[in-house]
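**Student:** Structure provided below as structure tokens; questions to follow.
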Amino acid sequence: MHISEGVLSPPVLLAGSLLSFSGLILGLKNLKTEKIPEIAVLSSAFFVASLIHIPIGPTSAHLVLNGIIGLLLGWATFPAIFLGLLLQALLFQFGGITTLGVNTFTMAFPPVVLGYIFRKFLQKDKISLTFVASFLVGSLSIILSAILIGLALYFTEKSFIPVIITLLGAHFPIAIIEGFITSFIVVYLLKVKPEVVL
Amino acid sequence: MRTFILLILFLFLFTKMGLTHKINAFAYREGDQIIGEAYFADGSPCIKCKVEVYSDKGVKILDMATDEKGKFSFTTKEKGSIKIKVIAGEGHLAECKVEGLKSSQASKPEEYKIGGSKTEEKTTHLKLTNEEMKVAIKEAVGEALKETIKPETEGIKNLLMEVKKDMDRAKLHDIIGGIGYIFGIWGMVTILKFRKK
């Protein structure tokens, strides 16, 4: 899910950076001090998740875990994912410094929106509803991120549908896996420490 | 909180076999031939990936693809440095540069060619001048040297490739270091927040 350096045209990079920058400002402005440890843990989970590859047929895709971050953090997802991506770019050369803005936006924006839509369905006494809602956040985040990446690539590759199809094909299994991971984490957190989720 | 710590530990267990989609490319020159390889961060080959070759001035010279082992090779007349782009789709791209031939080396192949055609022609007539003799000997010795050195350089090149692949792999200490950085940075944010209050 990382767009490498040198693939995108400058206008796309600039637009991505501006969008991410506004997201970062929003995230940092609404930051609650007691939320910070949680953000730190989720950012490092995101940082490590990209190294976990799940082989699917001939190719493989890595976990992203952006759904759970969006659901738990809201706008603070932007700084969390930005930091994870920055360190991935610096330490492993995944993505790149110039594409940081685009990558941050494509991965942080869908879960933030989905988190806001589905958060009200998370209720302590309705476990199955919670499970379904968090599953949807987890899997739809991946699918929408893949579509956003396809859109960003469209401006350089000029072929939208084939790119989207390959991207969705590669990420569909990951979307399902992430859906389950998100559901299990949210349900467990609701039982053990509901104030983190609600 | 405990689940998160458990989750991270769980994730850690998998990082050893963790691979990523980041691709790398490596290429070197052998006379007129450029030989290269493209592979993912875990060292697995980049199969049937698009390869684009650009000259020093940014003009596209060649379009090709890697084979089943992620390798590619082509011959080129380009004497300057060459830029190779490997594209794996989905926004994954690797670039590598092959240095140009040095001027003394660059002139050699042409010399060979002239010499080669001439010697072939003239040896049949057994009318070699002193100058042409020198060229012919030079060529023969050069050819023989290349032949003897080849197995050894092949080994060194393979070793270089392995070392390069190993360097590109995600390292455990980088992963741990990265997590440390994240906690450190958020810790500083916390301090700043408390200072304001």
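Labeling convention for the structure tokens: chains A, B, ... as they appear, residues from 1 per chain, ligands from 1 in order of appearance.
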What are the DSSP strand (DSSP E or B) residues of segment 30-82 of chain B, as a compact mmCIF listing (two decimals) with N, CA and C atoms, in the first residue's frame?
**Tutor:**
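File written: part01.txt
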```txt
# COMPACT_ATOMS: atom_id res chain seq x y z
N GLU B 30 28.97 -5.09 -18.26
CA GLU B 30 30.05 -5.97 -18.71
C GLU B 30 30.28 -5.66 -20.18
N GLN B 33 27.28 -5.06 -22.42
CA GLN B 33 26.12 -5.72 -21.86
C GLN B 33 25.82 -5.20 -20.45
N ILE B 34 24.53 -5.02 -20.18
CA ILE B 34 24.11 -4.63 -18.85
C ILE B 34 23.35 -5.82 -18.28
N ILE B 35 23.75 -6.25 -17.09
CA ILE B 35 23.09 -7.38 -16.46
C ILE B 35 22.52 -6.91 -15.13
N GLY B 36 21.29 -7.30 -14.86
CA GLY B 36 20.69 -6.80 -13.63
C GLY B 36 19.68 -7.76 -13.05
N GLU B 37 19.21 -7.41 -11.86
CA GLU B 37 18.24 -8.24 -11.17
C GLU B 37 17.33 -7.34 -10.36
N ALA B 38 16.05 -7.72 -10.29
CA ALA B 38 15.10 -6.98 -9.46
C ALA B 38 14.48 -7.95 -8.48
N TYR B 39 14.34 -7.50 -7.24
CA TYR B 39 13.81 -8.40 -6.22
C TYR B 39 13.07 -7.60 -5.16
N PHE B 40 12.19 -8.28 -4.43
CA PHE B 40 11.45 -7.64 -3.36
C PHE B 40 12.31 -7.59 -2.12
N PRO B 45 12.34 -12.94 -6.12
CA PRO B 45 12.50 -12.23 -7.39
C PRO B 45 11.24 -11.48 -7.81
N LYS B 50 8.05 -4.79 -15.43
CA LYS B 50 8.45 -3.92 -16.52
C LYS B 50 9.79 -3.26 -16.20
N VAL B 51 10.68 -3.23 -17.18
CA VAL B 51 11.97 -2.57 -17.00
C VAL B 51 12.10 -1.49 -18.06
N GLU B 52 12.39 -0.27 -17.61
CA GLU B 52 12.58 0.83 -18.56
C GLU B 52 14.01 1.33 -18.42
N VAL B 53 14.65 1.52 -19.57
CA VAL B 53 16.05 1.96 -19.56
C VAL B 53 16.13 3.38 -20.11
N TYR B 54 16.78 4.24 -19.36
CA TYR B 54 16.94 5.63 -19.79
C TYR B 54 18.42 5.97 -19.94
N LYS B 60 14.36 7.67 -23.13
CA LYS B 60 14.10 6.24 -22.97
C LYS B 60 14.75 5.47 -24.12
N ILE B 61 15.57 4.48 -23.78
CA ILE B 61 16.24 3.71 -24.81
C ILE B 61 15.50 2.41 -25.07
N LEU B 62 15.01 1.80 -23.99
CA LEU B 62 14.59 0.42 -24.13
C LEU B 62 13.43 0.12 -23.17
N ASP B 63 12.57 -0.78 -23.61
CA ASP B 63 11.48 -1.29 -22.78
C ASP B 63 11.62 -2.79 -22.73
N MET B 64 11.63 -3.37 -21.57
CA MET B 64 11.72 -4.84 -21.52
C MET B 64 11.09 -5.34 -20.22
N ALA B 65 11.22 -6.63 -19.95
CA ALA B 65 10.66 -7.19 -18.72
C ALA B 65 11.65 -8.18 -18.11
N LYS B 71 15.61 -11.64 -13.38
CA LYS B 71 16.83 -11.10 -13.99
C LYS B 71 16.53 -10.45 -15.34
N PHE B 72 17.39 -9.54 -15.73
CA PHE B 72 17.27 -8.95 -17.06
C PHE B 72 18.66 -8.60 -17.58
N SER B 73 18.81 -8.64 -18.89
CA SER B 73 20.08 -8.22 -19.47
C SER B 73 19.82 -7.70 -20.86
N PHE B 74 20.63 -6.77 -21.28
CA PHE B 74 20.49 -6.22 -22.63
C PHE B 74 21.83 -5.65 -23.05
N THR B 75 21.99 -5.47 -24.35
CA THR B 75 23.22 -4.84 -24.83
C THR B 75 22.88 -3.43 -25.27
N ILE B 82 23.68 4.93 -17.26
CA ILE B 82 22.36 4.50 -17.67
C ILE B 82 21.49 4.39 -16.43
```
**Student:** Residues of chain A no more than 9 Å from chain B, counting only C-alpha atoms: send them over as an MDAnalysis selection string.
**Tutor:** chainID A and resid 1:8 32:34 36:45 47:54 60:62 80 83:84 87:88 91:95 149:150 153 163:164 166:167 185 188:189 193 196
**Student:** Print the selection's residues with N, CA and C atoms to a file, as a short mmCIF file (atom, residue, chain, number, x, y, z; two decimals), in the first residue's frame.
**Tutor:**
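Printed below is again_38.cif as written:
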```cif
data_model
loop_
_atom_site.label_atom_id
_atom_site.label_comp_id
_atom_site.auth_asym_id
_atom_site.auth_seq_id
_atom_site.Cartn_x
_atom_site.Cartn_y
_atom_site.Cartn_z
N MET A 1 0.82 -1.21 0.00
CA MET A 1 0.00 0.00 0.00
C MET A 1 0.85 1.26 0.00
N HIS A 2 2.14 1.12 -0.28
CA HIS A 2 2.99 2.31 -0.28
C HIS A 2 3.30 2.69 -1.72
N ILE A 3 3.07 3.95 -2.03
CA ILE A 3 3.46 4.42 -3.36
C ILE A 3 4.91 4.86 -3.28
N SER A 4 5.73 4.33 -4.19
CA SER A 4 7.16 4.65 -4.15
C SER A 4 7.45 6.04 -4.67
N GLU A 5 8.65 6.47 -4.40
CA GLU A 5 9.12 7.77 -4.87
C GLU A 5 9.25 7.75 -6.39
N GLY A 6 8.93 8.86 -7.02
CA GLY A 6 9.16 8.96 -8.46
C GLY A 6 8.03 8.41 -9.31
N VAL A 7 6.93 7.96 -8.69
CA VAL A 7 5.82 7.43 -9.48
C VAL A 7 4.81 8.53 -9.78
N LEU A 8 4.56 9.36 -8.80
CA LEU A 8 3.49 10.34 -8.93
C LEU A 8 4.00 11.67 -9.47
N LYS A 32 -6.01 14.72 22.99
CA LYS A 32 -6.17 14.71 24.44
C LYS A 32 -4.94 14.05 25.04
N THR A 33 -4.41 14.65 26.08
CA THR A 33 -3.15 14.14 26.65
C THR A 33 -3.27 12.68 27.08
N GLU A 34 -4.42 12.32 27.63
CA GLU A 34 -4.55 10.94 28.13
C GLU A 34 -4.69 9.93 26.98
N ILE A 36 -2.60 9.99 24.41
CA ILE A 36 -1.29 9.86 23.76
C ILE A 36 -0.65 8.46 23.85
N PRO A 37 -0.67 7.84 25.04
CA PRO A 37 -0.08 6.49 25.09
C PRO A 37 -0.74 5.54 24.10
N GLU A 38 -2.06 5.67 23.97
CA GLU A 38 -2.81 4.82 23.04
C GLU A 38 -2.36 5.07 21.60
N ILE A 39 -2.20 6.36 21.28
CA ILE A 39 -1.76 6.72 19.93
C ILE A 39 -0.38 6.14 19.67
N ALA A 40 0.51 6.23 20.66
CA ALA A 40 1.87 5.73 20.49
C ALA A 40 1.85 4.23 20.22
N VAL A 41 1.04 3.50 20.98
CA VAL A 41 0.99 2.04 20.79
C VAL A 41 0.42 1.71 19.42
N LEU A 42 -0.65 2.41 19.01
CA LEU A 42 -1.26 2.12 17.71
C LEU A 42 -0.34 2.52 16.57
N SER A 43 0.38 3.64 16.73
CA SER A 43 1.31 4.02 15.67
C SER A 43 2.40 2.98 15.52
N SER A 44 2.89 2.43 16.63
CA SER A 44 3.93 1.42 16.46
C SER A 44 3.36 0.11 15.92
N ALA A 45 2.10 -0.19 16.27
CA ALA A 45 1.46 -1.37 15.68
C ALA A 45 1.36 -1.21 14.17
N PHE A 47 3.28 0.68 12.34
CA PHE A 47 4.65 0.64 11.83
C PHE A 47 5.11 -0.79 11.58
N VAL A 48 4.76 -1.69 12.52
CA VAL A 48 5.21 -3.09 12.40
C VAL A 48 4.32 -3.88 11.44
N ALA A 49 3.03 -3.52 11.40
CA ALA A 49 2.06 -4.32 10.63
C ALA A 49 2.45 -4.45 9.17
N SER A 50 3.05 -3.41 8.61
CA SER A 50 3.39 -3.46 7.19
C SER A 50 4.48 -4.47 6.88
N LEU A 51 5.13 -4.99 7.90
CA LEU A 51 6.17 -5.98 7.66
C LEU A 51 5.59 -7.39 7.64
N ILE A 52 4.33 -7.52 8.02
CA ILE A 52 3.73 -8.84 8.06
C ILE A 52 3.05 -9.12 6.75
N HIS A 53 3.56 -10.08 6.06
CA HIS A 53 3.03 -10.39 4.76
C HIS A 53 2.19 -11.64 4.81
N ILE A 54 1.07 -11.58 4.10
CA ILE A 54 0.21 -12.74 4.04
C ILE A 54 0.21 -13.22 2.61
N SER A 60 1.44 -11.50 -2.56
CA SER A 60 1.17 -11.39 -1.14
C SER A 60 0.93 -9.93 -0.83
N ALA A 61 0.19 -9.71 0.24
CA ALA A 61 -0.08 -8.33 0.64
C ALA A 61 0.20 -8.23 2.12
N HIS A 62 0.48 -7.03 2.57
CA HIS A 62 0.78 -6.89 3.99
C HIS A 62 -0.38 -6.28 4.75
N ALA A 80 -0.79 9.56 13.95
CA ALA A 80 -0.34 8.18 14.23
C ALA A 80 0.20 7.52 12.97
N LEU A 83 3.45 9.27 11.48
CA LEU A 83 4.69 8.92 12.17
C LEU A 83 5.16 7.51 11.76
N GLY A 84 4.20 6.58 11.71
CA GLY A 84 4.54 5.22 11.29
C GLY A 84 5.13 5.21 9.89
N LEU A 87 8.71 6.78 9.66
CA LEU A 87 9.79 5.89 10.11
C LEU A 87 9.98 4.73 9.14
N GLN A 88 8.89 4.26 8.54
CA GLN A 88 9.04 3.20 7.53
C GLN A 88 9.85 3.71 6.35
N LEU A 91 13.58 4.16 7.67
CA LEU A 91 14.33 2.96 8.05
C LEU A 91 14.30 1.87 6.99
N PHE A 92 13.20 1.71 6.31
CA PHE A 92 13.10 0.59 5.35
C PHE A 92 12.94 1.05 3.91
N GLN A 93 12.88 2.34 3.69
CA GLN A 93 12.64 2.89 2.35
C GLN A 93 11.33 2.36 1.74
N PHE A 94 10.32 2.13 2.58
CA PHE A 94 8.98 1.82 2.04
C PHE A 94 8.35 3.17 1.74
N GLY A 95 7.74 3.26 0.58
CA GLY A 95 7.19 4.56 0.22
C GLY A 95 8.33 5.53 0.01
N ILE A 149 -5.67 5.03 -3.58
CA ILE A 149 -4.35 4.85 -4.20
C ILE A 149 -4.51 4.74 -5.71
N GLY A 150 -5.54 3.99 -6.13
CA GLY A 150 -5.81 3.88 -7.56
C GLY A 150 -6.06 5.24 -8.19
N LEU A 153 -2.83 7.08 -8.51
CA LEU A 153 -2.03 6.53 -9.60
C LEU A 153 -2.63 6.86 -10.96
N VAL A 163 -5.92 -0.76 -12.94
CA VAL A 163 -5.15 -0.57 -11.70
C VAL A 163 -6.02 -0.87 -10.49
N ILE A 164 -7.24 -0.33 -10.51
CA ILE A 164 -8.15 -0.54 -9.39
C ILE A 164 -8.44 -2.03 -9.22
N THR A 166 -6.57 -4.64 -10.09
CA THR A 166 -5.45 -5.37 -9.50
C THR A 166 -5.29 -5.01 -8.03
N LEU A 167 -5.47 -3.72 -7.72
CA LEU A 167 -5.33 -3.30 -6.33
C LEU A 167 -6.37 -3.96 -5.44
N ILE A 185 -10.41 -7.33 18.20
CA ILE A 185 -9.78 -6.36 19.12
C ILE A 185 -10.86 -5.49 19.77
N TYR A 188 -12.98 -7.41 22.29
CA TYR A 188 -12.19 -7.68 23.49
C TYR A 188 -12.02 -6.42 24.33
N LEU A 189 -11.71 -5.31 23.65
CA LEU A 189 -11.52 -4.05 24.37
C LEU A 189 -12.81 -3.62 25.08
N LYS A 193 -11.78 -3.01 28.62
CA LYS A 193 -11.52 -1.59 28.88
C LYS A 193 -12.41 -0.76 27.96
N VAL A 196 -11.82 2.90 26.28
CA VAL A 196 -10.92 3.14 25.15
C VAL A 196 -11.73 3.22 23.85
#
```
**Student:** Determine, counting only C-alpha atoms, which protein, DNA and RNA residues have an atom within 12 Å of an atom of Pro79 of chain A; residues of the same chain fewer than 4 positions away are not included. Present the result as a ChimeraX atom specification.
**Tutor:** /A:20-31,36,39-40,42-44,46,69-70,73-75,83-86,100-101,104-105,107-109,112 /B:182,185-186,189
**Student:** Just list the residues in segment 28-186 of chain A DSSP gives alpha helix (DSSP H) on the backbone, as a ChimeraX atom specification.
**Tutor:** /A:28-29,36-49,66-73,77-92,100-118,127-157,160-186
**Student:** Write out the residues from the selection above, keeping C-alpha atoms, as a JSON list (two decimals), in the first residue's frame.
**Tutor:**
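result-v8.json, written as the output of this step:
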```
[["chain", "number", "residue", "atom", "x", "y", "z"],
["A", 28, "LEU", "CA", -2.91, 17.46, 16.83],
["A", 29, "LYS", "CA", -5.39, 20.20, 17.79],
["A", 36, "ILE", "CA", -1.29, 9.86, 23.76],
["A", 37, "PRO", "CA", -0.08, 6.49, 25.09],
["A", 38, "GLU", "CA", -2.81, 4.82, 23.04],
["A", 39, "ILE", "CA", -1.76, 6.72, 19.93],
["A", 40, "ALA", "CA", 1.87, 5.73, 20.49],
["A", 41, "VAL", "CA", 0.99, 2.04, 20.79],
["A", 42, "LEU", "CA", -1.26, 2.12, 17.71],
["A", 43, "SER", "CA", 1.31, 4.02, 15.67],
["A", 44, "SER", "CA", 3.93, 1.42, 16.46],
["A", 45, "ALA", "CA", 1.46, -1.37, 15.68],
["A", 46, "PHE", "CA", 0.91, 0.28, 12.30],
["A", 47, "PHE", "CA", 4.65, 0.64, 11.83],
["A", 48, "VAL", "CA", 5.21, -3.09, 12.40],
["A", 49, "ALA", "CA", 2.06, -4.32, 10.63],
["A", 66, "ASN", "CA", -5.61, 1.42, 9.60],
["A", 67, "GLY", "CA", -9.24, 0.50, 10.35],
["A", 68, "ILE", "CA", -8.69, -0.16, 14.04],
["A", 69, "ILE", "CA", -6.60, 3.02, 14.36],
["A", 70, "GLY", "CA", -9.33, 5.15, 12.77],
["A", 71, "LEU", "CA", -11.99, 3.59, 14.96],
["A", 72, "LEU", "CA", -10.10, 4.16, 18.20],
["A", 73, "LEU", "CA", -8.39, 7.48, 17.50],
["A", 77, "THR", "CA", -5.21, 8.76, 13.14],
["A", 78, "PHE", "CA", -3.38, 11.26, 10.94],
["A", 79, "PRO", "CA", -0.44, 11.87, 13.28],
["A", 80, "ALA", "CA", -0.34, 8.18, 14.23],
["A", 81, "ILE", "CA", -0.16, 6.95, 10.64],
["A", 82, "PHE", "CA", 2.10, 9.81, 9.55],
["A", 83, "LEU", "CA", 4.69, 8.92, 12.17],
["A", 84, "GLY", "CA", 4.54, 5.22, 11.29],
["A", 85, "LEU", "CA", 4.97, 5.97, 7.59],
["A", 86, "LEU", "CA", 7.76, 8.46, 8.21],
["A", 87, "LEU", "CA", 9.79, 5.89, 10.11],
["A", 88, "GLN", "CA", 9.04, 3.20, 7.53],
["A", 89, "ALA", "CA", 10.31, 5.53, 4.83],
["A", 90, "LEU", "CA", 13.43, 6.41, 6.78],
["A", 91, "LEU", "CA", 14.33, 2.96, 8.05],
["A", 92, "PHE", "CA", 13.10, 0.59, 5.35],
["A", 100, "LEU", "CA", 4.58, 10.69, 2.51],
["A", 101, "GLY", "CA", 1.68, 13.11, 2.14],
["A", 102, "VAL", "CA", -0.18, 11.02, -0.42],
["A", 103, "ASN", "CA", 0.44, 7.80, 1.49],
["A", 104, "THR", "CA", -0.68, 9.32, 4.78],
["A", 105, "PHE", "CA", -3.88, 10.68, 3.29],
["A", 106, "THR", "CA", -4.82, 7.50, 1.40],
["A", 107, "MET", "CA", -4.36, 5.39, 4.51],
["A", 108, "ALA", "CA", -5.64, 7.74, 7.20],
["A", 109, "PHE", "CA", -8.65, 9.43, 5.65],
["A", 110, "PRO", "CA", -10.95, 6.42, 4.98],
["A", 111, "PRO", "CA", -10.70, 4.99, 8.52],
["A", 112, "VAL", "CA", -11.30, 8.41, 10.07],
["A", 113, "VAL", "CA", -14.53, 8.85, 8.11],
["A", 114, "LEU", "CA", -15.63, 5.25, 8.65],
["A", 115, "GLY", "CA", -14.80, 5.53, 12.33],
["A", 116, "TYR", "CA", -17.11, 8.52, 12.66],
["A", 117, "ILE", "CA", -19.92, 6.73, 10.83],
["A", 118, "PHE", "CA", -19.72, 3.41, 12.66],
["A", 127, "ILE", "CA", -21.81, -7.67, 20.88],
["A", 128, "SER", "CA", -22.88, -8.95, 17.47],
["A", 129, "LEU", "CA", -23.71, -5.45, 16.21],
["A", 130, "THR", "CA", -20.35, -4.23, 17.48],
["A", 131, "PHE", "CA", -18.65, -7.13, 15.74],
["A", 132, "VAL", "CA", -20.29, -6.39, 12.39],
["A", 133, "ALA", "CA", -19.68, -2.63, 12.64],
["A", 134, "SER", "CA", -16.00, -3.01, 13.46],
["A", 135, "PHE", "CA", -15.62, -5.66, 10.78],
["A", 136, "LEU", "CA", -16.98, -3.18, 8.26],
["A", 137, "VAL", "CA", -14.65, -0.43, 9.45],
["A", 138, "GLY", "CA", -11.64, -2.73, 9.24],
["A", 139, "SER", "CA", -12.37, -4.11, 5.79],
["A", 140, "LEU", "CA", -13.86, -1.01, 4.16],
["A", 141, "SER", "CA", -10.86, 1.04, 5.27],
["A", 142, "ILE", "CA", -8.59, -1.20, 3.23],
["A", 143, "ILE", "CA", -10.88, -1.18, 0.20],
["A", 144, "LEU", "CA", -11.34, 2.61, 0.24],
["A", 145, "SER", "CA", -7.61, 3.11, 0.74],
["A", 146, "ALA", "CA", -6.95, 0.90, -2.28],
["A", 147, "ILE", "CA", -9.42, 2.98, -4.32],
["A", 148, "LEU", "CA", -7.75, 6.23, -3.19],
["A", 149, "ILE", "CA", -4.35, 4.85, -4.20],
["A", 150, "GLY", "CA", -5.81, 3.88, -7.56],
["A", 151, "LEU", "CA", -7.07, 7.45, -7.94],
["A", 152, "ALA", "CA", -3.66, 8.88, -7.09],
["A", 153, "LEU", "CA", -2.03, 6.53, -9.60],
["A", 154, "TYR", "CA", -4.63, 7.36, -12.23],
["A", 155, "PHE", "CA", -3.07, 10.75, -12.89],
["A", 156, "THR", "CA", 0.22, 9.12, -13.86],
["A", 157, "GLU", "CA", -0.78, 5.73, -15.24],
["A", 160, "PHE", "CA", -7.94, 3.66, -13.81],
["A", 161, "ILE", "CA", -10.02, 0.48, -14.04],
["A", 162, "PRO", "CA", -7.20, -2.10, -14.53],
["A", 163, "VAL", "CA", -5.15, -0.57, -11.70],
["A", 164, "ILE", "CA", -8.15, -0.54, -9.39],
["A", 165, "ILE", "CA", -8.97, -4.15, -10.25],
["A", 166, "THR", "CA", -5.45, -5.37, -9.50],
["A", 167, "LEU", "CA", -5.33, -3.30, -6.33],
["A", 168, "LEU", "CA", -8.69, -4.53, -5.09],
["A", 169, "GLY", "CA", -7.86, -8.10, -6.07],
["A", 170, "ALA", "CA", -4.65, -7.98, -4.07],
["A", 171, "HIS", "CA", -6.24, -6.32, -1.07],
["A", 172, "PHE", "CA", -9.57, -8.08, -0.86],
["A", 173, "PRO", "CA", -8.25, -11.00, 1.24],
["A", 174, "ILE", "CA", -6.36, -8.55, 3.44],
["A", 175, "ALA", "CA", -9.58, -6.57, 3.87],
["A", 176, "ILE", "CA", -11.34, -9.69, 5.17],
["A", 177, "ILE", "CA", -8.48, -10.57, 7.51],
["A", 178, "GLU", "CA", -8.28, -7.02, 8.82],
["A", 179, "GLY", "CA", -12.02, -6.97, 9.32],
["A", 180, "PHE", "CA", -11.76, -9.97, 11.64],
["A", 181, "ILE", "CA", -8.71, -8.59, 13.45],
["A", 182, "THR", "CA", -10.51, -5.27, 14.02],
["A", 183, "SER", "CA", -13.66, -7.01, 15.26],
["A", 184, "PHE", "CA", -11.83, -9.24, 17.71],
["A", 185, "ILE", "CA", -9.78, -6.36, 19.12],
["A", 186, "VAL", "CA", -12.82, -4.09, 19.49]]
```
